[in-house]
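Engineer: Let me begin by handing over the structure; questions about it come next.
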Amino acid sequence: CCKPSSLHPLLPPVHTHASCCLLFLGPACDCLVCLLIQPISGAWLCSKDNGLSGRHLQLSQALNGLSDRAKEAKEFLVQLRNMVQQIQENSVEFEACLVAQCDALIDALNRRKAQLLSRVNKEHEHKLKVVRDQISHCTVKLRQTTGLMEYCLEVIKENDPSGFLQISDALIRRVHLTEDQWGKGTLTPRMTTDFDLNLDNGPLLQSIHQLDFVQMKVSSPVPAPPILQLEECCTHNNSATLSWKQPPLSTVQVEGYILELDDGNGGQFREVYVGKETMCTVDGLHFNSTYSARVKAFNKTGVSPYSKTLVLQTSEVAWFSFDPASAHADIIFSNDNLTVTCNSYDDRVVLGKTGFSKGLHYWELSIDRYDNHPDPAFGVARIDVLKDAMLGKDDKAWAMYVDNNRSWFMHNNSHTNRTEGGITKGATVGVLLDLTRRTLTFSINEDQQGPVAFENLEGLFFPAVSLNRNVQVTLHTGLPVPEFYASRSAMQ
């Protein structure tokens, strides 16, 4: 008549008693309920009301519900203990990730620090070199001037009037010429002692102070692919301008765009612009090259698919002018920066606006003025070439300098290949840079001047000229390859 209930296993067994148990005078069993009802078993025999049996059933059922809660509590405690262990493991992993990310930032800052220190050192060496060169130059001039003064004093002491008259005119002209050479700017330092560099660390410090954890929650979908606006995309010389927009019906918020170009040879794409603008001009591309361009949009959620790919063709030949921004201060510009001269007796350097690292390029310089047989130099140079010395005096330039009778090639102050034939007013000097064969060749009046001047050229080169106040030249660009070179290439 007794059946065990499903109470918590730690509690004594409880039985559900049928009404027949009430007729049994002795102990039904030693369970909790039976023991509780023993003192009143006699009362059951006398009582005609069986309500007490219903209370017994209610209590048994209540104990069953409590048993279920106790079982759930035990399982919940196991879950909580597992969470404690998981939190500890996740904390160790997260701290390691945080340390790694901060260490990466510190490493990047240290690398940038080394780069900035290198720039300071280069600026230091450049300033010292300019000042030392000016010291040497001024010392030589001072020595010459002092010697001339001493010689003049000796001539003034000359007692022979006829001898004095014979040399006085030439000596006076020489004195005036020497005085002119101490012209404006000669006794002015070419370099300041200050380091005009100011480290702008404010934005970085602000970013560090704002560095915090971000809960990555997807709040919106990724943007749709942008649409390239073909009517506004174009190329000019070795620059490409691209324009794009979001699809008209797109409502997804866009935070910025990423523009990518390949290398002009069908190679891998690379990022050339990241920002909010929808138009970008990319400079410094190769001439006579075909580029592929594509763009994608991004927001906090992610990055859109790419737009359709656009193919762009850069100019076959280069059109450019001289660059006032990179020229020496003594250079004088006219004719829309195509004609240059100088206001100094010393050689000064001016570069072209366009740099070349690939392809075949030819330009000419016509001699508009040529007085007193100076020796201007023509060729190519790096952007950081010395601007206050003849082209080719340092290792940043490859040049031909020429006077009225002959020419020489010069690089790193080394002179080679003296060639007969010079320039006069109206002459034309041609410069042919072939970066496919990595050579530099010169011509005078459309005839090749000397052998191939330089070989194994590699890198970025700018057209360059050095001249003084006795020379004026005009630049001519966008020219075809000269016949002497075209015929030689055909034979090869």
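Identifiers in this document derive from the order of the structure tokens: chains are assigned A, B, ..., residues are numbered from 1 separately in each chain, and ligands are numbered from 1 in order of occurrence.
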Report as JSON, numbers by chain all protein, DNA and RNA residues lying within 6 Å of Val350 (chain A), evaluated on only C-alpha atoms, omitting residues in the same chain fewer than 6 positions from it.
Structural biologist: {"A": [327, 464, 465]}
Engineer: Considering only C-alpha atoms, tabulate each residue of region 315-394 of chain A that lies at most 12 Å from region 439-459 of chain A along with its nearest interatomic pair and the corresponding distance in Å to one decimal; arrange the rows by chain and ascending residue number and present them as a tab-separated table.
Structural biologist:
residue	atom	partner	partner_atom	distance
A:Gly355	CA	A:Gly459	CA	9.7
A:Phe356	CA	A:Gly459	CA	8.0
A:Ser357	CA	A:Gly459	CA	5.5
A:Lys358	CA	A:Gly459	CA	8.5
A:Gly359	CA	A:Thr439	CA	10.9
A:Leu360	CA	A:Thr439	CA	9.7
A:His361	CA	A:Leu440	CA	9.9
A:Tyr362	CA	A:Thr441	CA	9.5
A:Trp363	CA	A:Phe442	CA	10.1
A:Glu364	CA	A:Ser443	CA	8.9
A:Leu365	CA	A:Ile444	CA	9.7
A:Ser366	CA	A:Asn445	CA	9.2
A:Ile367	CA	A:Asn445	CA	10.6
A:Ala377	CA	A:Phe442	CA	11.1
A:Phe378	CA	A:Phe442	CA	8.7
A:Gly379	CA	A:Leu440	CA	8.2
A:Val380	CA	A:Leu440	CA	8.6
A:Ala381	CA	A:Gly459	CA	10.3
A:Arg382	CA	A:Gly459	CA	8.7
A:Ile383	CA	A:Gly459	CA	11.1
A:Gly392	CA	A:Phe454	CA	12.0
Engineer: Next, write the just-selected residues to a file, as a PDB file, in the first residue's frame, keeping C-alpha atoms as the atom set.
Structural biologist:
ATOM      1  CA  GLY A 355      59.164  62.280 -62.321  1.00  0.00           C
ATOM      2  CA  PHE A 356      59.826  59.122 -64.349  1.00  0.00           C
ATOM      3  CA  SER A 357      60.393  55.561 -63.143  1.00  0.00           C
ATOM      4  CA  LYS A 358      59.307  53.632 -66.245  1.00  0.00           C
ATOM      5  CA  GLY A 359      59.160  54.022 -70.025  1.00  0.00           C
ATOM      6  CA  LEU A 360      60.932  56.009 -72.761  1.00  0.00           C
ATOM      7  CA  HIS A 361      60.976  59.828 -72.453  1.00  0.00           C
ATOM      8  CA  TYR A 362      62.540  62.599 -74.559  1.00  0.00           C
ATOM      9  CA  TRP A 363      62.586  66.371 -74.092  1.00  0.00           C
ATOM     10  CA  GLU A 364      64.588  69.271 -75.494  1.00  0.00           C
ATOM     11  CA  LEU A 365      65.909  72.587 -74.213  1.00  0.00           C
ATOM     12  CA  SER A 366      66.493  75.438 -76.629  1.00  0.00           C
ATOM     13  CA  ILE A 367      69.252  77.919 -75.745  1.00  0.00           C
ATOM     14  CA  ALA A 377      74.323  71.217 -67.436  1.00  0.00           C
ATOM     15  CA  PHE A 378      71.358  69.119 -68.562  1.00  0.00           C
ATOM     16  CA  GLY A 379      70.115  65.727 -67.395  1.00  0.00           C
ATOM     17  CA  VAL A 380      68.091  64.020 -64.673  1.00  0.00           C
ATOM     18  CA  ALA A 381      68.187  64.074 -60.870  1.00  0.00           C
ATOM     19  CA  ARG A 382      66.592  62.817 -57.709  1.00  0.00           C
ATOM     20  CA  ILE A 383      64.162  65.154 -55.963  1.00  0.00           C
ATOM     21  CA  GLY A 392      76.227  66.224 -61.418  1.00  0.00           C
TER      22      GLY A 392
END
Engineer: Find, counting only C-alpha atoms, the residue in A:Asp395, A:Arg112, A:Gln472, A:Asp388 that gets nearest to Ser334 (chain A).
Structural biologist: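 For Ser334 (chain A), the nearest of the given residues is A:Gln472.
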Engineer: Quick one: which region 308-407 of chain A residues come within 12 Å of region 121-130 of chain A, and what is the nearest atom pair for each with the distance in Å to one decimal, counting only C-alpha atoms, rows ordered by chain and ascending number, as a tab-separated table?
Structural biologist:
residue	atom	partner	partner_atom	distance
A:Asp384	CA	A:His126	CA	10.4
A:Val385	CA	A:His126	CA	11.2
A:Leu386	CA	A:Val130	CA	9.1
A:Lys387	CA	A:Val130	CA	10.3
A:Asp388	CA	A:Val130	CA	9.0
A:Ala389	CA	A:Val130	CA	10.6
A:Asp394	CA	A:Lys129	CA	11.9
Engineer: From the set A:Asn82, A:Ser344, A:Thr428, A:Thr241, which residue has the shortest atom-to-atom contact distance to Arg469 (chain A), counting only C-alpha atoms?
Structural biologist: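 Of the candidates, the smallest distance to Arg469 (chain A) is held by A:Ser344.
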Engineer: Can you list, as a PyMOL selection string, all residues belonging to region 30-242 of chain A that DSSP tags as strand (DSSP E or B)?
Structural biologist: chain A and resi 227-228+234-236+239-242
Engineer: Between A:Phe462, A:Phe409, A:Trp244, A:Trp319, which residue has the minimum interatomic distance to Leu230 (chain A), considering only C-alpha atoms?
Structural biologist: A:Trp244
Engineer: When DSSP is applied to the backbone of this structure, which of region 48-246 of chain A are assigned alpha helix (DSSP H)? Write them out as an mmCIF file with C-alpha atoms, in the first residue's frame.
Structural biologist:
data_model
loop_
_atom_site.group_PDB
_atom_site.id
_atom_site.type_symbol
_atom_site.label_atom_id
_atom_site.label_comp_id
_atom_site.auth_asym_id
_atom_site.auth_seq_id
_atom_site.Cartn_x
_atom_site.Cartn_y
_atom_site.Cartn_z
ATOM 1 C CA GLY A 51 -10.090 15.046 5.774
ATOM 2 C CA LEU A 52 -6.783 14.376 7.463
ATOM 3 C CA SER A 53 -5.879 11.933 4.733
ATOM 4 C CA GLY A 54 -6.347 14.730 2.134
ATOM 5 C CA ARG A 55 -3.942 16.992 4.057
ATOM 6 C CA HIS A 56 -1.403 14.194 3.981
ATOM 7 C CA LEU A 57 -1.666 13.974 0.209
ATOM 8 C CA GLN A 58 -1.275 17.759 -0.158
ATOM 9 C CA LEU A 59 1.881 17.772 1.943
ATOM 10 C CA SER A 60 3.322 14.914 -0.065
ATOM 11 C CA GLN A 61 2.683 16.739 -3.318
ATOM 12 C CA ALA A 62 4.218 19.967 -1.914
ATOM 13 C CA LEU A 63 7.311 18.043 -0.931
ATOM 14 C CA ASN A 64 7.551 16.648 -4.456
ATOM 15 C CA GLY A 65 7.573 20.233 -5.917
ATOM 16 C CA LEU A 66 10.198 21.320 -3.403
ATOM 17 C CA SER A 67 12.273 18.289 -4.365
ATOM 18 C CA ASP A 68 12.227 19.422 -8.014
ATOM 19 C CA ARG A 69 13.399 22.920 -7.031
ATOM 20 C CA ALA A 70 16.220 21.422 -4.934
ATOM 21 C CA LYS A 71 17.360 19.313 -7.896
ATOM 22 C CA GLU A 72 17.332 22.383 -10.181
ATOM 23 C CA ALA A 73 19.298 24.355 -7.573
ATOM 24 C CA LYS A 74 21.948 21.646 -7.430
ATOM 25 C CA GLU A 75 22.299 21.698 -11.219
ATOM 26 C CA PHE A 76 22.432 25.537 -11.189
ATOM 27 C CA LEU A 77 25.257 25.470 -8.631
ATOM 28 C CA VAL A 78 27.229 23.193 -10.934
ATOM 29 C CA GLN A 79 26.615 25.660 -13.788
ATOM 30 C CA LEU A 80 27.784 28.624 -11.695
ATOM 31 C CA ARG A 81 30.951 26.798 -10.637
ATOM 32 C CA ASN A 82 31.674 26.072 -14.319
ATOM 33 C CA MET A 83 31.138 29.774 -15.099
ATOM 34 C CA VAL A 84 33.708 30.745 -12.456
ATOM 35 C CA GLN A 85 36.279 28.546 -14.144
ATOM 36 C CA GLN A 86 35.359 29.820 -17.628
ATOM 37 C CA ILE A 87 35.579 33.478 -16.505
ATOM 38 C CA GLN A 88 39.054 32.842 -15.125
ATOM 39 C CA GLU A 89 40.187 31.209 -18.366
ATOM 40 C CA ASN A 90 38.616 33.952 -20.542
ATOM 41 C CA SER A 91 40.193 36.636 -18.361
ATOM 42 C CA VAL A 92 43.682 35.179 -18.856
ATOM 43 C CA GLU A 93 43.118 34.930 -22.614
ATOM 44 C CA PHE A 94 41.699 38.475 -22.873
ATOM 45 C CA GLU A 95 44.553 39.972 -20.819
ATOM 46 C CA ALA A 96 47.078 38.250 -23.090
ATOM 47 C CA CYS A 97 45.306 39.669 -26.161
ATOM 48 C CA LEU A 98 45.205 43.162 -24.626
ATOM 49 C CA VAL A 99 48.917 43.048 -23.767
ATOM 50 C CA ALA A 100 49.722 41.876 -27.309
ATOM 51 C CA GLN A 101 47.697 44.711 -28.858
ATOM 52 C CA CYS A 102 49.302 47.352 -26.618
ATOM 53 C CA ASP A 103 52.761 45.901 -27.308
ATOM 54 C CA ALA A 104 52.026 46.154 -31.045
ATOM 55 C CA LEU A 105 51.128 49.842 -30.585
ATOM 56 C CA ILE A 106 54.340 50.411 -28.623
ATOM 57 C CA ASP A 107 56.379 48.637 -31.323
ATOM 58 C CA ALA A 108 54.745 50.784 -34.013
ATOM 59 C CA LEU A 109 55.489 53.923 -31.980
ATOM 60 C CA ASN A 110 59.124 52.867 -31.530
ATOM 61 C CA ARG A 111 59.462 52.246 -35.272
ATOM 62 C CA ARG A 112 57.973 55.651 -36.006
ATOM 63 C CA LYS A 113 60.299 57.194 -33.422
ATOM 64 C CA ALA A 114 63.285 55.666 -35.237
ATOM 65 C CA GLN A 115 62.009 57.011 -38.578
ATOM 66 C CA LEU A 116 61.547 60.513 -37.170
ATOM 67 C CA LEU A 117 64.997 60.445 -35.576
ATOM 68 C CA SER A 118 66.416 59.433 -38.942
ATOM 69 C CA ARG A 119 64.745 62.453 -40.546
ATOM 70 C CA VAL A 120 66.206 64.733 -37.861
ATOM 71 C CA ASN A 121 69.657 63.256 -38.472
ATOM 72 C CA LYS A 122 69.306 63.776 -42.231
ATOM 73 C CA GLU A 123 68.245 67.381 -41.648
ATOM 74 C CA HIS A 124 71.233 67.802 -39.330
ATOM 75 C CA GLU A 125 73.666 66.423 -41.910
ATOM 76 C CA HIS A 126 72.089 68.490 -44.691
ATOM 77 C CA LYS A 127 72.390 71.729 -42.712
ATOM 78 C CA LEU A 128 75.991 70.992 -41.816
ATOM 79 C CA LYS A 129 76.878 70.179 -45.413
ATOM 80 C CA VAL A 130 75.278 73.344 -46.789
ATOM 81 C CA VAL A 131 77.032 75.535 -44.208
ATOM 82 C CA ARG A 132 80.410 73.798 -44.698
ATOM 83 C CA ASP A 133 80.093 74.126 -48.485
ATOM 84 C CA GLN A 134 79.343 77.816 -48.069
ATOM 85 C CA ILE A 135 82.319 78.190 -45.716
ATOM 86 C CA SER A 136 84.577 76.552 -48.296
ATOM 87 C CA HIS A 137 83.134 78.610 -51.143
ATOM 88 C CA CYS A 138 83.387 81.870 -49.211
ATOM 89 C CA THR A 139 86.935 81.042 -48.044
ATOM 90 C CA VAL A 140 88.084 80.546 -51.638
ATOM 91 C CA LYS A 141 86.450 83.787 -52.747
ATOM 92 C CA LEU A 142 87.911 85.662 -49.785
ATOM 93 C CA ARG A 143 91.373 84.301 -50.555
ATOM 94 C CA GLN A 144 91.055 85.388 -54.185
ATOM 95 C CA THR A 145 89.738 88.804 -53.185
ATOM 96 C CA THR A 146 92.522 89.304 -50.622
ATOM 97 C CA GLY A 147 95.151 88.309 -53.169
ATOM 98 C CA LEU A 148 93.711 90.754 -55.698
ATOM 99 C CA MET A 149 93.709 93.532 -53.079
ATOM 100 C CA GLU A 150 97.348 92.883 -52.210
ATOM 101 C CA TYR A 151 98.271 92.880 -55.894
ATOM 102 C CA CYS A 152 96.413 96.162 -56.460
ATOM 103 C CA LEU A 153 98.227 97.777 -53.540
ATOM 104 C CA GLU A 154 101.547 96.748 -55.050
ATOM 105 C CA VAL A 155 100.502 98.155 -58.432
ATOM 106 C CA ILE A 156 99.484 101.462 -56.851
ATOM 107 C CA PRO A 161 103.551 105.590 -64.944
ATOM 108 C CA SER A 162 103.721 103.796 -68.286
ATOM 109 C CA GLY A 163 103.704 100.385 -66.621
ATOM 110 C CA PHE A 164 100.808 101.417 -64.404
ATOM 111 C CA LEU A 165 98.762 102.642 -67.351
ATOM 112 C CA GLN A 166 99.295 99.364 -69.235
ATOM 113 C CA ILE A 167 97.680 97.209 -66.552
ATOM 114 C CA SER A 168 95.343 99.642 -64.783
ATOM 115 C CA ASP A 169 92.345 99.231 -67.124
ATOM 116 C CA ALA A 170 92.412 95.450 -66.978
ATOM 117 C CA LEU A 171 92.959 95.566 -63.246
ATOM 118 C CA ILE A 172 90.010 97.926 -62.728
ATOM 119 C CA ARG A 173 87.735 95.605 -64.730
ATOM 120 C CA ARG A 174 88.949 92.652 -62.702
ATOM 121 C CA VAL A 175 88.265 94.510 -59.433
ATOM 122 C CA HIS A 176 84.739 95.418 -60.577
ATOM 123 C CA LEU A 177 84.078 91.834 -61.669
ATOM 124 C CA THR A 178 85.293 90.489 -58.350
ATOM 125 C CA GLU A 179 83.133 93.021 -56.519
ATOM 126 C CA ASP A 180 80.109 91.931 -58.570
ATOM 127 C CA GLN A 181 80.743 88.336 -57.557
ATOM 128 C CA GLY A 202 48.377 65.924 -30.112
ATOM 129 C CA PRO A 203 46.073 63.680 -32.194
ATOM 130 C CA LEU A 204 47.991 60.572 -31.121
ATOM 131 C CA LEU A 205 47.835 61.501 -27.423
ATOM 132 C CA GLN A 206 44.123 62.172 -27.779
ATOM 133 C CA SER A 207 43.650 58.796 -29.444
ATOM 134 C CA ILE A 208 45.584 57.110 -26.624
ATOM 135 C CA HIS A 209 43.413 58.814 -23.985
#
Engineer: With distances taken over only C-alpha atoms, which of A:Thr341, A:Thr188, A:Thr193, A:Ser407 is nearest to Ser466 (chain A)?
Structural biologist: A:Thr341
Engineer: Choose the residue, out of A:Val317, A:Ala240, A:Leu259, A:Ala427, that has the smallest atom-to-atom separation from Val282 (chain A); count only C-alpha atoms.
Structural biologist: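 Looking only at the distances to Val282 (chain A), the closest residue turns out to be A:Ala240.
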